[in-house]
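A.B. asks: Would you mind keeping the following structure in view while I ask a few things?
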Amino acid sequence: LVRDFWLCESFHSGQRQLFACRDYQSNGIRYRVYYRGGTIPKAVARVEQDEAGERLRWSAYEADAGPLCDTAPPAQIPESSHHIGTGVCESTSGQSTPCSAFEDASASQSHVIHYMVFYDKDGNGIEAIEPLSVRPNDGALVARLAFMIGAELANTDCCRQRALDYLAYSFEKYPDSDAYRKEYEWQRLEQEAFRNQDTCIGTGTVN
């Protein structure tokens with residue numbers, strides 16, 4: 001990355017429009033990625049060294065699907081957030097500015113949070129971040145309830161498999177959750193050890 005999101009103009013759509021642009025460099029070659037909503041760029045162009053011109057490499061207006069650029073969340077918002085779109089927004093002063101949206105629907109969130117990230121129009125980094133609670137995180141609430149039930153059942157002798165099923169649901173729903181992963185893996189190992197012990201006792205191999 002050689003230049004963060006900035007406000008640029010281009011004719012790539014057949015008419016002059018504003019885009020959120022980002023410049024990258026690979027093997028000494030500079031590329032410019034154009035966004036105007038969504039996670040798929042509208043165009044990717046090679047930039048000449050003196051910036052005197054661009055050579056279009058790919059355009060959404062000429063192809064059905066393009067490269068999906070994974071934009072990492074900035075350090076100021078939770079790492080669990082994922083990119084849901086970049087384009088041009090209108091600032092509170094009525095001016096166009098490049099912006100990105102990130103969504104955090106992780107297991108720890110009772111509500112889904114959208115983070116609007118506004119960038120300096122000249123590419124000098126982030127100007128502002130606005131969090132917005134958009135809806136209840138129903139999936140996280142259900143997963144949390146399943147986790148609590150599974151953890152309780154795991155302490156009983158009657159319902160180990162049922163407990164593992166509840167814990168597996170939470171882990172599969174949110175595989176990035178350390179708490180869900182550790183509890184599920186621990187109880188799975190415990191159940192396997194319990195089964196092996198029963199097998200050994202049943203076959204008379206344990207004195």
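Labeling convention for the structure tokens: chains A, B, ... as they appear, residues from 1 per chain, ligands from 1 in order of appearance.
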Determine, counting only C-alpha atoms, which protein, DNA and RNA residues have an atom within 7 Å of an atom of Tyr35 in chain A; residues of the same chain fewer than 5 positions away are not included. Present the result as an MDAnalysis selection string.
C.D. replies: chainID A and resid 19:21 41:42 86:87
A.B. asks: Generate a file of the selected residues that holds C-alpha atoms, formatted as a PDB file, in the first residue's frame.
C.D. replies:
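Contents of the output file selection.pdb:
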```
ATOM      1  CA  PHE A  19     -14.399   7.253  -6.780  1.00  0.00           C
ATOM      2  CA  ALA A  20     -12.643   6.170  -3.611  1.00  0.00           C
ATOM      3  CA  CYS A  21      -9.173   5.191  -4.836  1.00  0.00           C
ATOM      4  CA  PRO A  41     -13.760  -2.488  -7.309  1.00  0.00           C
ATOM      5  CA  LYS A  42     -15.214  -0.727 -10.329  1.00  0.00           C
ATOM      6  CA  THR A  86     -16.133   1.250   0.107  1.00  0.00           C
ATOM      7  CA  GLY A  87     -17.205   4.247  -1.931  1.00  0.00           C
TER       8      GLY A  87
END
```
A.B. asks: Using only C-alpha atoms, determine which residues lie at most 12 Å from Ser10 in chain A, disregarding the query and same-chain residues fewer than 2 positions distant; provide the list as a CSV table (one decimal) with N, CA and C atoms, in the first residue's frame.
C.D. replies:
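Result saved to out.csv:
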```csv
chain,number,residue,atom,x,y,z
A,7,LEU,N,-10.0,10.7,-2.6
A,7,LEU,CA,-11.0,11.0,-3.6
A,7,LEU,C,-10.5,11.3,-5.0
A,8,CYS,N,-10.9,10.5,-6.0
A,8,CYS,CA,-10.4,10.7,-7.3
A,8,CYS,C,-11.5,10.7,-8.3
A,12,HIS,N,-13.7,5.8,-16.2
A,12,HIS,CA,-13.8,4.4,-16.4
A,12,HIS,C,-15.2,3.9,-16.6
A,13,SER,N,-16.2,4.6,-16.1
A,13,SER,CA,-17.6,4.2,-16.3
A,13,SER,C,-18.2,4.8,-17.6
A,14,GLY,N,-17.4,5.5,-18.3
A,14,GLY,CA,-18.0,6.1,-19.6
A,14,GLY,C,-18.3,7.6,-19.4
A,15,GLN,N,-18.3,8.0,-18.1
A,15,GLN,CA,-18.6,9.4,-17.8
A,15,GLN,C,-17.7,9.8,-16.5
A,16,ARG,N,-17.4,11.0,-16.4
A,16,ARG,CA,-16.6,11.4,-15.2
A,16,ARG,C,-17.4,11.2,-13.9
A,17,GLN,N,-16.8,10.5,-13.0
A,17,GLN,CA,-17.4,10.2,-11.7
A,17,GLN,C,-16.4,10.2,-10.6
A,18,LEU,N,-16.8,10.4,-9.4
A,18,LEU,CA,-16.0,10.4,-8.3
A,18,LEU,C,-15.8,9.0,-7.7
A,19,PHE,N,-14.7,8.6,-7.3
A,19,PHE,CA,-14.4,7.3,-6.8
A,19,PHE,C,-13.6,7.4,-5.5
A,20,ALA,N,-13.6,6.3,-4.7
A,20,ALA,CA,-12.6,6.2,-3.6
A,20,ALA,C,-11.5,5.3,-4.2
A,21,CYS,N,-10.3,5.9,-4.2
A,21,CYS,CA,-9.2,5.2,-4.8
A,21,CYS,C,-8.1,4.8,-3.8
A,32,ARG,N,-3.8,1.3,-9.3
A,32,ARG,CA,-4.8,2.1,-8.6
A,32,ARG,C,-6.1,1.4,-8.7
A,33,VAL,N,-6.8,1.2,-7.5
A,33,VAL,CA,-8.0,0.5,-7.4
A,33,VAL,C,-9.1,1.5,-7.1
A,34,TYR,N,-10.2,1.4,-8.0
A,34,TYR,CA,-11.3,2.4,-7.9
A,34,TYR,C,-12.6,1.7,-7.3
A,35,TYR,N,-13.1,2.3,-6.2
A,35,TYR,CA,-14.3,1.8,-5.6
A,35,TYR,C,-15.4,2.9,-5.7
A,36,ARG,N,-16.6,2.3,-5.9
A,36,ARG,CA,-17.8,3.2,-5.9
A,36,ARG,C,-19.0,2.4,-5.3
A,42,LYS,N,-14.6,-1.0,-9.0
A,42,LYS,CA,-15.2,-0.7,-10.3
A,42,LYS,C,-14.2,-0.8,-11.4
A,43,ALA,N,-12.9,-0.6,-11.0
A,43,ALA,CA,-11.8,-0.7,-12.0
A,43,ALA,C,-10.5,-0.8,-11.3
A,44,VAL,N,-9.5,-1.4,-12.0
A,44,VAL,CA,-8.1,-1.5,-11.6
A,44,VAL,C,-7.3,-1.0,-12.7
A,45,ALA,N,-6.4,-0.1,-12.5
A,45,ALA,CA,-5.5,0.5,-13.5
A,45,ALA,C,-4.1,0.5,-13.1
A,53,GLY,N,-0.4,9.2,-16.9
A,53,GLY,CA,-1.5,8.4,-17.5
A,53,GLY,C,-1.7,7.1,-16.8
A,54,GLU,N,-2.8,6.4,-17.1
A,54,GLU,CA,-3.2,5.1,-16.5
A,54,GLU,C,-3.5,4.1,-17.7
A,56,LEU,N,-5.8,0.9,-18.2
A,56,LEU,CA,-6.9,0.1,-17.5
A,56,LEU,C,-6.6,-1.4,-17.6
A,59,SER,N,-12.2,-3.7,-15.7
A,59,SER,CA,-13.3,-2.8,-15.4
A,59,SER,C,-14.5,-3.5,-15.1
```
A.B. asks: Restricting the calculation to only C-alpha atoms: of A:His83, A:Arg162, A:Arg3, A:Arg55, which residue gets closest to Thr39 in chain A?
C.D. replies: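 Nearest candidate to Thr39 in chain A out of A:His83, A:Arg162, A:Arg3, A:Arg55: A:His83.
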A.B. asks: Excluding Glu103 in chain A and residues on its chain fewer than 5 positions from it, collect all residues at most 9 Å away from it, counting only C-alpha atoms, and give them as an NGL selection string.
C.D. replies: :A and (80-84 or 112-115)
A.B. asks: What parts of range 67-207 of chain A does DSSP call strand (DSSP E or B)? I'd like the answer as number ranges by chain.
C.D. replies: A: 82-90, 96-104, 111-119, 126-136
A.B. asks: Would you output that residue set with N, CA and C atoms, as a tab-separated table (two decimals), in the first residue's frame?
C.D. replies:
```
chain	number	residue	atom	x	y	z
A	82	HIS	N	-15.57	-6.94	9.65
A	82	HIS	CA	-15.21	-7.27	8.27
A	82	HIS	C	-15.75	-6.21	7.32
A	83	HIS	N	-15.05	-6.05	6.22
A	83	HIS	CA	-15.34	-5.01	5.23
A	83	HIS	C	-16.63	-5.33	4.48
A	84	ILE	N	-17.55	-4.38	4.39
A	84	ILE	CA	-18.79	-4.60	3.65
A	84	ILE	C	-18.98	-3.60	2.51
A	85	GLY	N	-18.04	-2.67	2.36
A	85	GLY	CA	-18.17	-1.76	1.23
A	85	GLY	C	-17.30	-0.52	1.35
A	86	THR	N	-16.90	0.00	0.18
A	86	THR	CA	-16.13	1.25	0.11
A	86	THR	C	-16.66	2.08	-1.05
A	87	GLY	N	-16.72	3.38	-0.86
A	87	GLY	CA	-17.20	4.25	-1.93
A	87	GLY	C	-17.04	5.71	-1.56
A	88	VAL	N	-17.97	6.51	-2.05
A	88	VAL	CA	-17.94	7.96	-1.81
A	88	VAL	C	-19.16	8.34	-0.97
A	89	CYS	N	-18.92	9.00	0.15
A	89	CYS	CA	-19.98	9.46	1.03
A	89	CYS	C	-20.03	10.98	1.05
A	90	GLU	N	-21.06	11.49	1.68
A	90	GLU	CA	-21.18	12.93	1.85
A	90	GLU	C	-20.92	13.28	3.31
A	96	SER	N	-18.06	15.64	-0.75
A	96	SER	CA	-17.80	14.23	-1.04
A	96	SER	C	-16.50	13.80	-0.38
A	97	THR	N	-16.51	12.60	0.18
A	97	THR	CA	-15.32	12.09	0.85
A	97	THR	C	-15.28	10.57	0.72
A	98	PRO	N	-14.10	9.96	0.60
A	98	PRO	CA	-14.01	8.50	0.53
A	98	PRO	C	-14.37	7.88	1.87
A	99	CYS	N	-15.04	6.74	1.83
A	99	CYS	CA	-15.48	6.11	3.08
A	99	CYS	C	-15.55	4.60	2.91
A	100	SER	N	-15.47	3.89	4.02
A	100	SER	CA	-15.64	2.44	4.05
A	100	SER	C	-16.60	2.08	5.18
A	101	ALA	N	-17.25	0.93	5.03
A	101	ALA	CA	-18.13	0.42	6.07
A	101	ALA	C	-17.64	-0.96	6.50
A	102	PHE	N	-17.63	-1.19	7.81
A	102	PHE	CA	-17.24	-2.47	8.38
A	102	PHE	C	-18.34	-2.94	9.32
A	103	GLU	N	-18.52	-4.25	9.40
A	103	GLU	CA	-19.55	-4.82	10.26
A	103	GLU	C	-18.93	-5.73	11.31
A	104	ASP	N	-19.37	-5.56	12.55
A	104	ASP	CA	-18.94	-6.43	13.64
A	104	ASP	C	-20.16	-7.16	14.17
A	111	HIS	N	-25.45	-6.60	19.81
A	111	HIS	CA	-26.02	-5.94	18.64
A	111	HIS	C	-24.98	-5.91	17.52
A	112	VAL	N	-25.46	-6.00	16.29
A	112	VAL	CA	-24.58	-5.86	15.13
A	112	VAL	C	-24.19	-4.38	15.01
A	113	ILE	N	-22.90	-4.13	14.92
A	113	ILE	CA	-22.39	-2.76	14.84
A	113	ILE	C	-21.79	-2.51	13.47
A	114	HIS	N	-22.19	-1.41	12.84
A	114	HIS	CA	-21.55	-0.95	11.61
A	114	HIS	C	-20.64	0.23	11.95
A	115	TYR	N	-19.42	0.17	11.45
A	115	TYR	CA	-18.47	1.27	11.64
A	115	TYR	C	-18.27	1.98	10.31
A	116	MET	N	-18.66	3.23	10.26
A	116	MET	CA	-18.40	4.06	9.08
A	116	MET	C	-17.06	4.76	9.26
A	117	VAL	N	-16.16	4.50	8.32
A	117	VAL	CA	-14.81	5.07	8.39
A	117	VAL	C	-14.67	6.11	7.28
A	118	PHE	N	-14.41	7.34	7.66
A	118	PHE	CA	-14.27	8.44	6.69
A	118	PHE	C	-12.79	8.81	6.56
A	119	TYR	N	-12.34	8.89	5.29
A	119	TYR	CA	-10.93	9.16	5.02
A	119	TYR	C	-10.74	10.59	4.52
A	126	ILE	N	-7.31	8.34	8.06
A	126	ILE	CA	-8.67	8.39	8.59
A	126	ILE	C	-8.95	9.74	9.25
A	127	GLU	N	-10.12	10.28	8.94
A	127	GLU	CA	-10.56	11.54	9.57
A	127	GLU	C	-11.53	11.30	10.71
A	128	ALA	N	-12.42	10.32	10.55
A	128	ALA	CA	-13.43	10.07	11.58
A	128	ALA	C	-13.95	8.64	11.46
A	129	ILE	N	-14.44	8.11	12.59
A	129	ILE	CA	-15.08	6.80	12.63
A	129	ILE	C	-16.38	6.94	13.41
A	130	GLU	N	-17.47	6.47	12.82
A	130	GLU	CA	-18.78	6.56	13.47
A	130	GLU	C	-19.38	5.17	13.62
A	131	PRO	N	-19.56	4.67	14.86
A	131	PRO	CA	-20.22	3.38	15.07
A	131	PRO	C	-21.74	3.54	15.04
A	132	LEU	N	-22.42	2.52	14.55
A	132	LEU	CA	-23.88	2.56	14.45
A	132	LEU	C	-24.43	1.18	14.77
A	133	SER	N	-25.29	1.10	15.79
A	133	SER	CA	-25.96	-0.15	16.13
A	133	SER	C	-27.13	-0.34	15.17
A	134	VAL	N	-27.10	-1.43	14.39
A	134	VAL	CA	-28.09	-1.58	13.32
A	134	VAL	C	-29.21	-2.57	13.63
A	135	ARG	N	-28.91	-3.60	14.46
A	135	ARG	CA	-29.96	-4.57	14.77
A	135	ARG	C	-29.45	-5.50	15.88
A	136	PRO	N	-30.35	-6.20	16.56
A	136	PRO	CA	-29.91	-7.19	17.55
A	136	PRO	C	-29.11	-8.30	16.88
```
A.B. asks: Pull the closest atom pair for each residue of range 71-138 of chain A that gets at most 10 Å from range 171-174 of chain A, along with the distance in Å to one decimal, counting only C-alpha atoms, ordering rows by chain and then ascending residue number, as a Markdown table.
C.D. replies:
```
| residue | atom | partner | partner_atom | distance |
| --- | --- | --- | --- | --- |
| A:Ala105 | CA | A:Tyr174 | CA | 9.7 |
| A:Ser106 | CA | A:Tyr174 | CA | 7.2 |
| A:Ala107 | CA | A:Tyr174 | CA | 6.3 |
| A:Ser108 | CA | A:Tyr174 | CA | 9.8 |
```
A.B. asks: As a VMD selection string, please: all residues of range 57-188 of chain A that backbone DSSP puts in alpha helix (DSSP H).
C.D. replies: chain A and resid 138 to 153 160 to 173 178 to 188
A.B. asks: Put those residues in a file: C-alpha atoms, as a PDB file, in the first residue's frame.
C.D. replies:
```
ATOM      1  CA  ASP A 138     -29.720 -12.732  17.304  1.00  0.00           C
ATOM      2  CA  GLY A 139     -27.191 -15.340  16.204  1.00  0.00           C
ATOM      3  CA  ALA A 140     -24.814 -14.370  18.991  1.00  0.00           C
ATOM      4  CA  LEU A 141     -27.575 -14.498  21.603  1.00  0.00           C
ATOM      5  CA  VAL A 142     -28.639 -18.003  20.548  1.00  0.00           C
ATOM      6  CA  ALA A 143     -25.033 -19.195  20.430  1.00  0.00           C
ATOM      7  CA  ARG A 144     -24.386 -17.794  23.903  1.00  0.00           C
ATOM      8  CA  LEU A 145     -27.443 -19.565  25.300  1.00  0.00           C
ATOM      9  CA  ALA A 146     -26.386 -22.847  23.671  1.00  0.00           C
ATOM     10  CA  PHE A 147     -22.899 -22.430  25.124  1.00  0.00           C
ATOM     11  CA  MET A 148     -24.244 -21.881  28.641  1.00  0.00           C
ATOM     12  CA  ILE A 149     -26.555 -24.910  28.412  1.00  0.00           C
ATOM     13  CA  GLY A 150     -23.770 -27.070  27.000  1.00  0.00           C
ATOM     14  CA  ALA A 151     -21.343 -26.037  29.735  1.00  0.00           C
ATOM     15  CA  GLU A 152     -23.910 -26.934  32.422  1.00  0.00           C
ATOM     16  CA  LEU A 153     -24.815 -30.299  30.882  1.00  0.00           C
ATOM     17  CA  ARG A 160     -22.473 -35.571  27.774  1.00  0.00           C
ATOM     18  CA  GLN A 161     -23.328 -36.015  24.098  1.00  0.00           C
ATOM     19  CA  ARG A 162     -26.117 -33.488  24.317  1.00  0.00           C
ATOM     20  CA  ALA A 163     -23.737 -31.036  25.977  1.00  0.00           C
ATOM     21  CA  LEU A 164     -21.221 -31.549  23.185  1.00  0.00           C
ATOM     22  CA  ASP A 165     -23.932 -30.877  20.593  1.00  0.00           C
ATOM     23  CA  TYR A 166     -24.757 -27.534  22.202  1.00  0.00           C
ATOM     24  CA  LEU A 167     -21.089 -26.570  22.426  1.00  0.00           C
ATOM     25  CA  ALA A 168     -20.494 -27.649  18.830  1.00  0.00           C
ATOM     26  CA  TYR A 169     -23.331 -25.394  17.679  1.00  0.00           C
ATOM     27  CA  SER A 170     -21.779 -22.347  19.373  1.00  0.00           C
ATOM     28  CA  PHE A 171     -18.312 -23.135  18.036  1.00  0.00           C
ATOM     29  CA  GLU A 172     -19.523 -23.744  14.466  1.00  0.00           C
ATOM     30  CA  LYS A 173     -21.551 -20.532  14.569  1.00  0.00           C
ATOM     31  CA  ASP A 178     -11.641 -18.548  21.756  1.00  0.00           C
ATOM     32  CA  ALA A 179     -14.076 -19.332  24.572  1.00  0.00           C
ATOM     33  CA  TYR A 180     -16.350 -21.429  22.354  1.00  0.00           C
ATOM     34  CA  ARG A 181     -13.443 -23.201  20.679  1.00  0.00           C
ATOM     35  CA  LYS A 182     -11.593 -24.078  23.896  1.00  0.00           C
ATOM     36  CA  GLU A 183     -14.686 -25.361  25.717  1.00  0.00           C
ATOM     37  CA  TYR A 184     -15.822 -27.444  22.747  1.00  0.00           C
ATOM     38  CA  GLU A 185     -12.375 -28.984  22.174  1.00  0.00           C
ATOM     39  CA  TRP A 186     -11.912 -29.699  25.878  1.00  0.00           C
ATOM     40  CA  GLN A 187     -15.295 -31.394  26.267  1.00  0.00           C
ATOM     41  CA  ARG A 188     -14.753 -33.389  23.073  1.00  0.00           C
TER      42      ARG A 188
END
```
